[in-house]
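*Asks:* Here's a structure for you.
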Amino acid sequence: MKRVLNLLFISTLALSLYSCGSKENAMRPQTGYLLVFGDDSCHCITYDDTPIFSTDNTNSSLFYNDIATVQNCDGAWGYINRKGEPKLSATFNRATVFSEGMAWVMKQGDMPGAINEKGDIKISLRDSHAVRVFIEGRAAIAIVKKKQVLWGFIDKNGNEIIKPQFKTVSDFRLGLAAVQNMDGKWGYINLNGESVIECQYNAAFPFNDSGLAIVRTDNGYHAINRDGTIAQSHTYDEMIPDGLWTRVRSDKLWGWCDEAGQIIIAPQFEECRAFGQADLAPVKIRGKWGYTDRSGKVVIKRQFTEAYPFIDNCAAVKTGTVWGFIDTKGSFTVNPQYDYISQDYLYQALGLGCSMSTLQIK
């Protein structure tokens, strides 16, 4: 039941993360395979449902640099390679994926630490509340001080680069991280912790490749430049970045606008999920999910109870109580038959990054 509830809440989690200034997808998994669960097993399959390997693991990340984080039936965490063979034995109580050559792990009674791919401990932590994987050479780390959780950053030598002082932080992207001060306002810092844009926003998204970021103030949403100047102001009820486009909500319906804020696909859907790098995006119409193309034409009819964005021309969909995968024509490449999909896959499809990138210590 817990796993089913987790899957049901991923969509609402996406919106809650975005509303407080989430990270974009900083970690890209390897493609060419799918991770599905059924018959009390984890199956690694190709896009046409050809078996690659099966394990008795109950949870698994996707593969990053040929390594996946897995949890066995006893609740212990370890790592496997692309053949399904153990890379590091399941001896950890908690573990993250590997990023930039290191992963965070914790054993019963031991301090949490960062290990390399051989399992050697490179950094040990004391008195920490949580820590995230390294992105752009920085790992976000939280401590508890006077009953408040404070976030900062360390480097790959374990040195404190940015003192824990923020209520929440995003990971770094393109050299900047969105940070929320203790008054609840968002701004941006650079890799050295220097304030680039002061904390003044109610919400702040990462900068995209064009150098624009969406922020929210009491007066609505704005697109700002990297120096904090406003490029455009918008009147939409809600905005969520989607690559160089933005998902927008107006009068309780969702659509898309371009970087200038001009409507491309008129708000008309009950819900929508990201295009990402694909040419199709999931949309909800009268309680069922289908897919629209970038002109706003529904090209895969509403028929699914759940539908996720495409990764590598493959999308996870749910029919009734079982999961399968479709291609961009809407044809099943993997028939609906599996109990659930790797949660990490669903996070990546939604553009939320890796679901196993944080080690919760306390």
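In the structure tokens, chains take the letters A, B, ... in the order shown, each chain's residues start at 1, and ligands count up from 1 in the order shown.
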Near Thr333 of chain A, within 10 Å and counting only C-alpha atoms, which residues show up once chain neighbours fewer than 2 positions away are dropped, as a PyMOL selection string?
*Replies:* chain A and resi 46-49+314-315+324-327+330-331+335-336
*Asks:* Produce a file of the selected residues containing C-alpha atoms, as a PDB file, in the first residue's frame.
*Replies:*
```
ATOM      1  CA  THR A  46      14.384  -3.406 -23.329  1.00  0.00           C
ATOM      2  CA  TYR A  47      11.889  -1.042 -24.914  1.00  0.00           C
ATOM      3  CA  ASP A  48      10.198  -4.010 -26.604  1.00  0.00           C
ATOM      4  CA  ASP A  49       9.924  -6.036 -23.350  1.00  0.00           C
ATOM      5  CA  CYS A 314       9.023   5.725 -24.630  1.00  0.00           C
ATOM      6  CA  ALA A 315       6.357   6.676 -22.056  1.00  0.00           C
ATOM      7  CA  GLY A 324       3.028  -0.615 -19.592  1.00  0.00           C
ATOM      8  CA  PHE A 325       4.852   1.591 -22.111  1.00  0.00           C
ATOM      9  CA  ILE A 326       3.837   3.189 -25.390  1.00  0.00           C
ATOM     10  CA  ASP A 327       5.701   4.698 -28.339  1.00  0.00           C
ATOM     11  CA  GLY A 330       0.393   5.432 -28.951  1.00  0.00           C
ATOM     12  CA  SER A 331       1.079   1.752 -29.626  1.00  0.00           C
ATOM     13  CA  ASN A 335       1.904  -4.420 -22.757  1.00  0.00           C
ATOM     14  CA  PRO A 336       0.246  -3.340 -19.482  1.00  0.00           C
TER      15      PRO A 336
END
```
*Asks:* I'd like to know which of A:Asp39, A:Glu259, A:Asp251, A:Asp312 is closest to Gly276 of chain A, using only C-alpha atoms.
*Replies:*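 Checking each candidate against Gly276 of chain A, we get A:Asp312 as the closest.
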*Asks:* Residues near Arg247 of chain A, anyone? I mean within 8 Å using only C-alpha atoms, not counting same-chain ones fewer than 4 positions away, as number ranges by chain.
*Replies:* A: 239-242, 254-257, 272, 274
*Asks:* Could the residues in this selection be saved with C-alpha atoms as a CSV table (one decimal), in the first residue's frame?
*Replies:*
```csv
chain,number,residue,atom,x,y,z
A,239,MET,CA,3.7,28.8,-14.2
A,240,ILE,CA,6.0,25.8,-14.3
A,241,PRO,CA,9.1,25.8,-16.5
A,242,ASP,CA,9.2,23.2,-19.3
A,254,TRP,CA,-3.5,24.3,-18.3
A,255,GLY,CA,-1.6,25.1,-21.5
A,256,TRP,CA,1.9,26.3,-22.6
A,257,CYS,CA,3.5,29.6,-23.4
A,272,CYS,CA,-0.7,18.5,-18.1
A,274,ALA,CA,6.1,18.2,-19.3
```
*Asks:* From the list A:Asn93, A:Ser357, A:Ser128, A:Asn313, which residue is nearest Thr328 of chain A when using only C-alpha atoms?
*Replies:*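 Once distances to Thr328 of chain A are computed over only C-alpha atoms, the minimum belongs to A:Asn313.
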*Asks:* Using only C-alpha atoms, determine which residues lie at most 10 Å from Arg94 of chain A, disregarding the query and same-chain residues fewer than 4 positions distant; provide the list as a list in words.
*Replies:*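 Listing them by chain and then by number gives Gln71, Gly75, Ala76, Trp77, Gly78, Ala90, Trp104, Val105, Met106, Lys107, Gln108, Pro112, Met356, Thr358, Leu359, Gln360 and Ile361 of chain A.
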*Asks:* Would you output that residue set with C-alpha atoms, as a PDB file, in the first residue's frame?
*Replies:*
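Generated output (part37.pdb):
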```pdb
ATOM      1  CA  GLN A  71      17.197  -2.261  -2.003  1.00  0.00           C
ATOM      2  CA  GLY A  75      15.568  -3.482   3.424  1.00  0.00           C
ATOM      3  CA  ALA A  76      19.353  -3.203   2.921  1.00  0.00           C
ATOM      4  CA  TRP A  77      20.828  -1.040   0.156  1.00  0.00           C
ATOM      5  CA  GLY A  78      23.634  -1.812  -2.275  1.00  0.00           C
ATOM      6  CA  ALA A  90      23.802  -4.592   0.140  1.00  0.00           C
ATOM      7  CA  TRP A 104      26.317   8.940   0.293  1.00  0.00           C
ATOM      8  CA  VAL A 105      25.771   5.840   2.440  1.00  0.00           C
ATOM      9  CA  MET A 106      25.081   5.000   6.061  1.00  0.00           C
ATOM     10  CA  LYS A 107      25.412   1.802   8.072  1.00  0.00           C
ATOM     11  CA  GLN A 108      23.784   1.025  11.395  1.00  0.00           C
ATOM     12  CA  PRO A 112      27.173   8.745   7.146  1.00  0.00           C
ATOM     13  CA  MET A 356      17.384   8.772  -4.598  1.00  0.00           C
ATOM     14  CA  THR A 358      19.170  12.690  -0.772  1.00  0.00           C
ATOM     15  CA  LEU A 359      20.413  10.832   2.301  1.00  0.00           C
ATOM     16  CA  GLN A 360      18.091  11.552   5.198  1.00  0.00           C
ATOM     17  CA  ILE A 361      20.227  11.090   8.302  1.00  0.00           C
TER      18      ILE A 361
END
```
*Asks:* Write out as JSON lines a residue-level contact list of segment 195-298 of chain A versus segment 167-171 of chain A with cut-off 10 Å: for each qualifying residue the closest pair of atoms and the distance in Å to one decimal, counting only C-alpha atoms, rows sorted by chain and residue number upward.
*Replies:*
```
{"residue": "A:Ala204", "atom": "CA", "partner": "A:Ser170", "partner_atom": "CA", "distance": 9.5}
{"residue": "A:Phe205", "atom": "CA", "partner": "A:Ser170", "partner_atom": "CA", "distance": 8.7}
{"residue": "A:Pro206", "atom": "CA", "partner": "A:Ser170", "partner_atom": "CA", "distance": 8.0}
```
*Asks:* So that I can check the surroundings of Ser54 of chain A, please list as an MDAnalysis selection string every protein, DNA and RNA residue that reaches within 7 Å of it, counting only C-alpha atoms and ignoring chain neighbours fewer than 3 positions away.
*Replies:* chainID A and resid 41:44
*Asks:* Would you export the selected residues with C-alpha atoms as a compact mmCIF listing (two decimals), in the first residue's frame, please?
*Replies:*
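The result, written out as selection.txt:
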```txt
# COMPACT_ATOMS: atom_id res chain seq x y z
CA SER A 41 10.79 -9.27 -8.86
CA CYS A 42 12.53 -6.29 -10.39
CA HIS A 43 12.90 -6.72 -14.15
CA CYS A 44 15.28 -4.84 -16.40
```
*Asks:* Quick one: residues within 10 Å of Gln148 of chain A, only C-alpha atoms, excluding same-chain residues fewer than 3 positions away - as number ranges by chain?
*Replies:* A: 142-145, 151, 165-167, 182
*Asks:* Write the selection just made, keeping N, CA and C atoms, as a compact mmCIF listing (two decimals), in the first residue's frame?
*Replies:*
```
# COMPACT_ATOMS: atom_id res chain seq x y z
N ALA A 142 22.44 19.67 5.33
CA ALA A 142 21.57 20.31 6.32
C ALA A 142 22.02 19.94 7.72
N ILE A 143 21.94 20.90 8.63
CA ILE A 143 22.18 20.68 10.04
C ILE A 143 20.96 21.20 10.81
N VAL A 144 20.87 20.81 12.08
CA VAL A 144 19.82 21.33 12.94
C VAL A 144 20.46 22.23 13.98
N LYS A 145 19.99 23.47 14.05
CA LYS A 145 20.51 24.44 15.00
C LYS A 145 19.34 25.16 15.65
N TRP A 151 20.35 24.81 5.69
CA TRP A 151 21.03 24.19 4.55
C TRP A 151 22.21 25.06 4.10
N GLN A 165 22.66 28.11 6.38
CA GLN A 165 21.97 29.33 6.80
C GLN A 165 20.62 29.50 6.12
N PHE A 166 20.30 28.57 5.19
CA PHE A 166 19.09 28.72 4.40
C PHE A 166 18.03 27.71 4.82
N LYS A 167 16.78 28.11 4.65
CA LYS A 167 15.65 27.24 4.97
C LYS A 167 15.54 26.10 3.98
N MET A 182 15.49 32.48 5.88
CA MET A 182 14.66 32.08 7.00
C MET A 182 13.37 32.88 7.08
```
*Asks:* Find the residues near Tyr79 of chain A: any atom within 7 Å, counting only C-alpha atoms, skip ones fewer than 6 places away on the same chain, and give them as a list in words.
*Replies:* Ile67, Ala68, Thr69, Val70, Pro86, Lys87, Leu88, Ser89 and Ala90 of chain A
*Asks:* Between atom CA of Gly290 of chain A and atom CA of Val322 of chain A, measure the distance and give it in Å to one decimal.
*Replies:* 16.5 Å
*Asks:* So, counting only C-alpha atoms, which residue among A:Gly38, A:Phe53, A:Ile230, A:Ala95 is closest to Asn81 of chain A?
*Replies:*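 Answer, going by the shortest atom-to-atom distance: A:Phe53.
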*Asks:* Please identify the helix (DSSP H, G or I) residues within segment 14-246 of chain A (assignment by DSSP from backbone atoms) and present them as a PyMOL selection string.
*Replies:* chain A and resi 14-19
*Asks:* Keeping only N, CA and C atoms, take the residues you just selected and write them out as a PDB file, in the first residue's frame.
*Replies:*
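New file out_36.pdb:
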```
ATOM      1  N   ALA A  14       5.263  16.852  -7.426  1.00  0.00           N
ATOM      2  CA  ALA A  14       5.910  17.689  -8.444  1.00  0.00           C
ATOM      3  C   ALA A  14       5.458  19.132  -8.305  1.00  0.00           C
ATOM      4  N   LEU A  15       4.170  19.346  -8.156  1.00  0.00           N
ATOM      5  CA  LEU A  15       3.674  20.706  -8.059  1.00  0.00           C
ATOM      6  C   LEU A  15       4.105  21.373  -6.765  1.00  0.00           C
ATOM      7  N   SER A  16       4.149  20.608  -5.656  1.00  0.00           N
ATOM      8  CA  SER A  16       4.566  21.213  -4.390  1.00  0.00           C
ATOM      9  C   SER A  16       6.037  21.587  -4.427  1.00  0.00           C
ATOM     10  N   LEU A  17       6.866  20.770  -5.059  1.00  0.00           N
ATOM     11  CA  LEU A  17       8.284  21.114  -5.190  1.00  0.00           C
ATOM     12  C   LEU A  17       8.459  22.349  -6.053  1.00  0.00           C
ATOM     13  N   TYR A  18       7.721  22.387  -7.151  1.00  0.00           N
ATOM     14  CA  TYR A  18       7.861  23.526  -8.046  1.00  0.00           C
ATOM     15  C   TYR A  18       7.400  24.815  -7.368  1.00  0.00           C
ATOM     16  N   SER A  19       6.344  24.725  -6.550  1.00  0.00           N
ATOM     17  CA  SER A  19       5.804  25.940  -5.957  1.00  0.00           C
ATOM     18  C   SER A  19       6.764  26.575  -4.974  1.00  0.00           C
TER      19      SER A  19
END
```
*Asks:* Run DSSP on the backbone of this structure and report the residues of segment 141-208 of chain A it assigns to strand (DSSP E or B), as a compact mmCIF listing (two decimals) with N, CA and C atoms, in the first residue's frame.
*Replies:*
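So the final result, stored in states.txt, reads:
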```txt
# COMPACT_ATOMS: atom_id res chain seq x y z
N ILE A 141 23.94 20.30 2.18
CA ILE A 141 23.98 19.61 3.46
C ILE A 141 23.17 20.39 4.48
N ALA A 142 22.44 19.67 5.33
CA ALA A 142 21.57 20.31 6.32
C ALA A 142 22.02 19.94 7.72
N ILE A 143 21.94 20.90 8.63
CA ILE A 143 22.18 20.68 10.04
C ILE A 143 20.96 21.20 10.81
N VAL A 144 20.87 20.81 12.08
CA VAL A 144 19.82 21.33 12.94
C VAL A 144 20.46 22.23 13.98
N LYS A 145 19.99 23.47 14.05
CA LYS A 145 20.51 24.44 15.00
C LYS A 145 19.34 25.16 15.65
N GLN A 148 16.00 24.39 14.26
CA GLN A 148 15.74 24.78 12.88
C GLN A 148 16.68 24.04 11.95
N VAL A 149 16.16 23.57 10.82
CA VAL A 149 16.98 22.92 9.81
C VAL A 149 17.57 23.99 8.91
N LEU A 150 18.90 23.99 8.80
CA LEU A 150 19.61 24.98 8.00
C LEU A 150 20.42 24.29 6.91
N TRP A 151 20.35 24.81 5.69
CA TRP A 151 21.03 24.19 4.55
C TRP A 151 22.21 25.06 4.10
N GLY A 152 23.29 24.36 3.72
CA GLY A 152 24.46 24.98 3.11
C GLY A 152 25.06 24.02 2.10
N PHE A 153 26.35 24.19 1.76
CA PHE A 153 26.99 23.34 0.77
C PHE A 153 28.42 23.01 1.19
N ILE A 154 28.87 21.80 0.82
CA ILE A 154 30.26 21.39 1.00
C ILE A 154 30.85 21.03 -0.36
N GLU A 160 33.34 22.94 4.21
CA GLU A 160 32.17 23.80 4.17
C GLU A 160 32.47 25.01 3.30
N ILE A 161 31.78 25.09 2.17
CA ILE A 161 31.98 26.20 1.24
C ILE A 161 30.93 27.29 1.50
N ILE A 162 29.72 26.86 1.80
CA ILE A 162 28.62 27.80 2.05
C ILE A 162 27.98 27.41 3.38
N LYS A 163 28.12 28.24 4.36
CA LYS A 163 27.65 27.96 5.71
C LYS A 163 26.15 27.65 5.72
N PRO A 164 25.71 26.61 6.44
CA PRO A 164 24.28 26.34 6.56
C PRO A 164 23.55 27.54 7.16
N GLN A 165 22.66 28.11 6.38
CA GLN A 165 21.97 29.33 6.80
C GLN A 165 20.62 29.50 6.12
N PHE A 166 20.30 28.57 5.19
CA PHE A 166 19.09 28.72 4.40
C PHE A 166 18.03 27.71 4.82
N THR A 168 15.79 26.39 2.72
CA THR A 168 15.74 25.41 1.64
C THR A 168 16.71 25.87 0.55
N VAL A 169 17.25 24.91 -0.19
CA VAL A 169 18.11 25.24 -1.33
C VAL A 169 17.81 24.29 -2.48
N ARG A 173 22.73 24.73 -10.75
CA ARG A 173 22.56 24.53 -12.18
C ARG A 173 23.12 25.75 -12.89
N LEU A 176 24.51 28.52 -10.56
CA LEU A 176 23.65 29.22 -9.61
C LEU A 176 22.72 28.25 -8.91
N ALA A 177 22.39 28.55 -7.65
CA ALA A 177 21.42 27.78 -6.90
C ALA A 177 20.37 28.73 -6.33
N ALA A 178 19.12 28.31 -6.37
CA ALA A 178 18.06 29.07 -5.72
C ALA A 178 18.07 28.73 -4.23
N VAL A 179 17.96 29.75 -3.39
CA VAL A 179 18.00 29.55 -1.95
C VAL A 179 16.87 30.33 -1.30
N GLN A 180 16.34 29.76 -0.21
CA GLN A 180 15.26 30.40 0.53
C GLN A 180 15.77 30.80 1.91
N TRP A 186 13.02 33.86 -1.60
CA TRP A 186 13.97 33.16 -2.47
C TRP A 186 14.86 34.13 -3.23
N GLY A 187 16.11 33.70 -3.43
CA GLY A 187 17.06 34.41 -4.27
C GLY A 187 18.04 33.42 -4.87
N TYR A 188 19.20 33.90 -5.32
CA TYR A 188 20.18 33.04 -5.98
C TYR A 188 21.58 33.33 -5.45
N ILE A 189 22.38 32.25 -5.31
CA ILE A 189 23.79 32.38 -4.94
C ILE A 189 24.65 31.68 -5.99
N ASN A 190 25.96 32.03 -6.01
CA ASN A 190 26.89 31.34 -6.89
C ASN A 190 27.61 30.23 -6.14
N SER A 195 25.83 36.12 -2.82
CA SER A 195 24.49 36.46 -3.28
C SER A 195 24.58 37.12 -4.65
N VAL A 196 23.93 36.53 -5.64
CA VAL A 196 23.90 37.08 -6.99
C VAL A 196 22.61 37.86 -7.19
N ILE A 197 21.51 37.32 -6.69
CA ILE A 197 20.22 38.00 -6.70
C ILE A 197 19.64 37.86 -5.30
N GLU A 198 19.37 38.95 -4.64
CA GLU A 198 18.97 38.90 -3.24
C GLU A 198 17.64 38.17 -3.06
N CYS A 199 17.45 37.63 -1.87
CA CYS A 199 16.22 36.89 -1.56
C CYS A 199 15.05 37.87 -1.46
N GLN A 200 14.14 37.77 -2.42
CA GLN A 200 13.02 38.71 -2.51
C GLN A 200 11.78 38.10 -3.13
N TYR A 201 11.88 36.82 -3.59
CA TYR A 201 10.79 36.21 -4.32
C TYR A 201 10.03 35.20 -3.45
N ALA A 203 8.78 32.47 -4.81
CA ALA A 203 9.22 31.20 -5.40
C ALA A 203 10.24 31.52 -6.47
N ALA A 204 11.15 30.58 -6.72
CA ALA A 204 12.20 30.81 -7.73
C ALA A 204 12.60 29.49 -8.34
```
